[in-house]
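J.: My questions all concern the structure below.
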Amino acid sequence: MPDNITVAGVTVDPRQWIGGQRVASADTFTDLSPIDGSVLGEISRGTPAEAHAAVAAAKAAFPAWAATPRAERARILHAIADGVEKRIEELAIVETTDNGALLRSHRQGVMPRVAHNFRFFADWLLKLDHEDFETRGHTNHVSWDPAGPSVLITPWNAPLMLATWKVAPALAAGNTVILKPAEWSPLTASLLADIAAQAGLPAGVLNVVQGYGAEIGDALTSHPDVRRISFTGSVPTARRIAASAAPNLTPLSLELGGKSPLLVFADADLDLAVDLAVEQYDNAGQVCLAATRILVEESVAEEFTRRFVEKAARLKQGDPREEVTDIGPNIHPRQLEKIDGFVQRALEGGARAVIGGHRKDGQYYAPTLLTDVAQDSEIVQEEVFGPVLTLQTFATEEEAVHLAGGTHFGLAATLATGDQERAERVSAQLVAGTVWVNCFFVRDLQAPFGGSRLSGVGREGGTWSFDFYCDLKNTVTAPNGWKNHG
């Protein structure tokens, strides 16, 4: 059995959480901190046996949880949010140490958002309803029935926030959950299990299993008792999950990669546009929504680039636990190799590095901006998931829209312009699940979220989340069909 892990005085249990109990696996895997490469500890490495046990626990707990009144489910979700808020500092330091994102961001934004995820879906549950409607005198009543055990597979770039973005609506809907966190950042999922148990969530309603990819993932996604699968991650993994789920026709929600554009028109506030562009280095570029393709109108491209270089030069890269740090490390040596491979192949193919283009010490990659890139080149077409941006120019609005839509992805797009009519006209032509105009990363949980093309399948958020995690039922009742019983 692996020993407990201690991070900055916070104890984390590295075992699985199944049916309300800690379960050790026969084997382990090593969790490393991207900050300095140090070993954080050994994590229980799940097998199909643990996967099947977690599904069995979720199936056994489902009838009672599904029958729990909405108000009680909402109360427990609020209690989980209370538990998160009491431990924001602990959650923040553990996640920063585990995945390398900025500690100040975790304290100020990410962990408060984790609590908000639970509160929002608890409150949304209580007002979720459709008005009855009439059809030739018959009454139609639409209801949301809990679907059943749900497998939620989450990524490493924002582990707890993205996990609870799925866990909260699934639990609110009345489903039971098997959460599979990414193996590169598993620690806060274990803490979430503790918090949920302390909040009174019944045993088996939330289960947490850890392990490497297909070793445990296939056993979960192919299981006939699983009723929903939600995944955030790469397109190749999504294809494997879809194939695994296909025999059971298990409904999928897939939030996948992006290669999003930032369109900068000559009439834009150029300082704002530069701020938006430099913001794409957030989380060391490990953001699926990042606008990594900067498209700038020719007449302002030179001035835009000059201001961009000046602002990017002021970014401080280093230990994410330091308040002054703007960019931390990349998550894992394998990811760093992948990033550098993309950049070096682009440079060999004729691209020019305006800034960056190289590794730094440890798991840090210099913020990079590449120009002289062709639209059909790998660096423009494929997701790098690191602090690497490309810059292309356009002469007309039509060319800008053409370049923006010229990939297989369609997750998001950002638009900088001072012309409202242009903003409306261009936004309508962009293929994207979210379009930001003169802003970036403004997200409301009641809005639909997801991607088009290879960026995903389905939408979550607000009522869309409940539509996915529930089986919608329409009950049609004939008029005057009742017999009186005296």
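Just remember, in the structure tokens the first chain shown is A, the second B, etc., residues are 1-based per chain, and ligands are 1-based in the order shown.
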Find the spatial neighbours of stretch 182-192 of chain A, counting only C-alpha atoms, within a cut-off of 8 Å - ignore same-chain residues fewer than 2 positions away - and output them as a PyMOL selection string.

T.: chain A and resi 12-17+31-32+84+91+94-95+98-99+153-156+159-160+163+180+194-196+208+210-213+331-332

J.: Need to verify the contact set: A:Asn140, 8 Å, only C-alpha atoms, exclusion of same-chain residues closer than 4 positions in sequence. Can you return it as a list of chain:residue names?

T.: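 Surrounding residues, per the criterion: A:Asp132, A:Phe133, A:Glu134, A:Thr135, A:Asn474, A:Thr475, A:Val476, A:Thr477.
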
J.: Take the selection from the previous step and output its residues with C-alpha atoms, as a PDB file, in the first residue's frame.

T.:
ATOM      1  CA  ASP A 132     -46.449  21.825 -19.491  1.00  0.00           C
ATOM      2  CA  PHE A 133     -47.961  22.297 -22.935  1.00  0.00           C
ATOM      3  CA  GLU A 134     -51.090  21.142 -24.679  1.00  0.00           C
ATOM      4  CA  THR A 135     -51.504  18.986 -27.794  1.00  0.00           C
ATOM      5  CA  ASN A 474     -42.268  13.395 -22.063  1.00  0.00           C
ATOM      6  CA  THR A 475     -45.443  12.171 -20.342  1.00  0.00           C
ATOM      7  CA  VAL A 476     -48.609  12.768 -22.387  1.00  0.00           C
ATOM      8  CA  THR A 477     -51.896  12.588 -20.486  1.00  0.00           C
TER       9      THR A 477
END

J.: Run DSSP on the backbone of this structure and report the residues of stretch 227-372 of chain A it assigns to strand (DSSP E), as a count of residues only.

T.: 26

J.: Hey, what's within 10 Å of A:Asp82 if we count only C-alpha atoms and toss same-chain stuff fewer than 2 positions away? As a short mmCIF file (atom, residue, chain, number, x, y, z; two decimals) with N, CA and C atoms, in the first residue's frame, please?

T.:
data_model
loop_
_atom_site.label_atom_id
_atom_site.label_comp_id
_atom_site.auth_asym_id
_atom_site.auth_seq_id
_atom_site.Cartn_x
_atom_site.Cartn_y
_atom_site.Cartn_z
N ILE A 76 -26.55 18.90 -0.35
CA ILE A 76 -25.26 18.21 -0.24
C ILE A 76 -24.23 18.86 -1.17
N LEU A 77 -24.65 19.27 -2.36
CA LEU A 77 -23.71 19.94 -3.25
C LEU A 77 -23.23 21.26 -2.65
N HIS A 78 -24.11 21.99 -2.00
CA HIS A 78 -23.69 23.21 -1.31
C HIS A 78 -22.73 22.89 -0.17
N ALA A 79 -22.96 21.77 0.50
CA ALA A 79 -22.05 21.36 1.58
C ALA A 79 -20.67 21.02 1.03
N ILE A 80 -20.62 20.41 -0.16
CA ILE A 80 -19.33 20.15 -0.80
C ILE A 80 -18.64 21.47 -1.12
N VAL A 84 -14.97 22.84 0.04
CA VAL A 84 -13.94 23.37 -0.85
C VAL A 84 -13.46 24.73 -0.38
N GLU A 85 -14.40 25.59 -0.01
CA GLU A 85 -14.02 26.95 0.40
C GLU A 85 -13.18 26.94 1.67
N LYS A 86 -13.44 26.00 2.55
CA LYS A 86 -12.64 25.91 3.77
C LYS A 86 -11.22 25.46 3.49
N ARG A 87 -11.01 24.82 2.34
CA ARG A 87 -9.70 24.24 2.05
C ARG A 87 -9.07 24.84 0.79
N ALA A 115 -15.71 25.72 -6.10
CA ALA A 115 -16.86 25.82 -5.21
C ALA A 115 -18.09 26.32 -5.96
N HIS A 116 -17.88 27.31 -6.83
CA HIS A 116 -18.99 27.87 -7.61
C HIS A 116 -19.62 26.81 -8.51
N PHE A 118 -20.17 23.71 -7.91
CA PHE A 118 -21.16 22.97 -7.12
C PHE A 118 -22.37 23.83 -6.79
N ARG A 119 -22.14 25.07 -6.40
CA ARG A 119 -23.27 25.94 -6.03
C ARG A 119 -24.16 26.23 -7.23
N ILE A 195 -13.50 15.55 0.72
CA ILE A 195 -14.42 16.67 0.96
C ILE A 195 -15.86 16.23 0.75
N ALA A 199 -18.94 16.01 3.46
CA ALA A 199 -20.16 16.79 3.24
C ALA A 199 -21.42 15.94 3.32
#

J.: Just want the 9 Å neighbourhood of A:His408, counted on only C-alpha atoms, with same-chain residues fewer than 3 positions away dropped. Output as a list in words.

T.: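 Residues meeting the cut-off are Gly258, Lys259, Gln381, Glu382, Gly405, Ser452, Arg453, Leu454 and Ser455 of chain A.
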
J.: Dump N, CA, C and O atoms for the selected residues as an mmCIF file, in the first residue's frame?

T.:
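Listed below is the output, out-v9.cif:
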data_model
loop_
_atom_site.group_PDB
_atom_site.id
_atom_site.type_symbol
_atom_site.label_atom_id
_atom_site.label_comp_id
_atom_site.auth_asym_id
_atom_site.auth_seq_id
_atom_site.Cartn_x
_atom_site.Cartn_y
_atom_site.Cartn_z
ATOM 1 N N GLY A 258 -8.127 22.305 -29.568
ATOM 2 C CA GLY A 258 -8.420 23.543 -30.262
ATOM 3 C C GLY A 258 -7.197 24.075 -30.971
ATOM 4 O O GLY A 258 -6.058 23.752 -30.630
ATOM 5 N N LYS A 259 -7.440 24.883 -31.955
ATOM 6 C CA LYS A 259 -6.386 25.635 -32.650
ATOM 7 C C LYS A 259 -7.006 26.983 -32.997
ATOM 8 O O LYS A 259 -7.104 27.382 -34.148
ATOM 9 N N GLN A 381 -1.725 23.884 -38.103
ATOM 10 C CA GLN A 381 -2.861 22.970 -38.148
ATOM 11 C C GLN A 381 -3.045 22.127 -36.884
ATOM 12 O O GLN A 381 -4.163 21.716 -36.579
ATOM 13 N N GLU A 382 -1.963 21.853 -36.157
ATOM 14 C CA GLU A 382 -2.040 20.915 -35.043
ATOM 15 C C GLU A 382 -1.902 21.609 -33.692
ATOM 16 O O GLU A 382 -1.165 22.591 -33.552
ATOM 17 N N GLY A 405 -10.989 29.846 -40.313
ATOM 18 C CA GLY A 405 -11.702 28.576 -40.426
ATOM 19 C C GLY A 405 -10.901 27.477 -41.085
ATOM 20 O O GLY A 405 -11.436 26.386 -41.315
ATOM 21 N N SER A 452 -16.932 22.555 -32.165
ATOM 22 C CA SER A 452 -17.389 22.073 -33.459
ATOM 23 C C SER A 452 -16.250 21.313 -34.139
ATOM 24 O O SER A 452 -15.113 21.337 -33.687
ATOM 25 N N ARG A 453 -16.571 20.625 -35.215
ATOM 26 C CA ARG A 453 -15.586 19.844 -35.958
ATOM 27 C C ARG A 453 -14.857 18.882 -35.006
ATOM 28 O O ARG A 453 -15.502 18.219 -34.187
ATOM 29 N N LEU A 454 -13.526 18.804 -35.076
ATOM 30 C CA LEU A 454 -12.789 17.880 -34.221
ATOM 31 C C LEU A 454 -12.619 18.396 -32.800
ATOM 32 O O LEU A 454 -11.974 17.734 -31.982
ATOM 33 N N SER A 455 -13.193 19.535 -32.507
ATOM 34 C CA SER A 455 -13.082 20.074 -31.144
ATOM 35 C C SER A 455 -14.129 19.511 -30.198
ATOM 36 O O SER A 455 -14.137 19.885 -29.022
#

J.: Determine the nearest neighbour of A:Asn4 from the options A:Leu40, A:Leu391, A:Leu220, A:Val309, counting only C-alpha atoms.

T.: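 Answer, going by the shortest atom-to-atom distance: A:Leu40.
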
J.: Using only C-alpha atoms, find the one residue out of A:Leu256, A:Pro181, A:Ala8, A:Ile88 that sits nearest to A:Gln108.

T.: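 Among the listed residues, the smallest separation from A:Gln108 belongs to A:Ile88.
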
J.: Would you pick out the contacts of A:Trp124 at 9 Å or less, using only C-alpha atoms, so that residues sharing its chain but fewer than 5 positions from it are not included, and give the list as a short mmCIF file (atom, residue, chain, number, x, y, z; two decimals) with C-alpha atoms, in the first residue's frame?

T.:
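Result file is result17.cif:
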data_model
loop_
_atom_site.label_atom_id
_atom_site.label_comp_id
_atom_site.auth_asym_id
_atom_site.auth_seq_id
_atom_site.Cartn_x
_atom_site.Cartn_y
_atom_site.Cartn_z
CA ARG A 119 -23.27 25.94 -6.03
CA ALA A 172 -27.05 17.31 -9.33
CA GLN A 446 -25.39 28.96 -17.79
CA GLY A 462 -26.70 25.22 -17.61
CA THR A 463 -29.65 23.25 -18.91
#

J.: Report as JSON, numbers by chain all protein, DNA and RNA residues lying within 8 Å of stretch 287-303 of chain A, evaluated on only C-alpha atoms, omitting residues in the same chain fewer than 3 positions from it.

T.: {"A": [157, 256, 257, 258, 259, 260, 261, 262, 263, 264, 265, 266, 277, 280, 282, 283, 306, 307, 380, 385, 388, 389, 390, 391, 392, 393, 394, 395, 396, 400, 403, 404, 411, 412, 413, 414, 441]}

J.: Closest to A:Asp361 among A:Asn330, A:Thr434, A:Gln344, A:Ser377, using only C-alpha atoms?

T.: A:Asn330

J.: Quick check, in Å to one decimal: how far apart do atom CA of A:Ile327 and atom CA of A:Val39 lie?

T.: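 Separation between atom CA of A:Ile327 and atom CA of A:Val39: 21.6 Å.
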
J.: Using only C-alpha atoms for the distances, tell me which of A:Pro169, A:Gly204, A:Pro224, A:Pro48 is nearest to A:Leu152.

T.: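 Of the candidates, the smallest distance to A:Leu152 is held by A:Pro169.
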
J.: Looking at A:Gly19, A:Gly83, A:Pro329, A:Pro448, which one is nearest to A:Asp467, with distances taken over only C-alpha atoms?

T.: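 Comparing A:Gly19, A:Gly83, A:Pro329, A:Pro448 against A:Asp467, the winner is A:Pro448.
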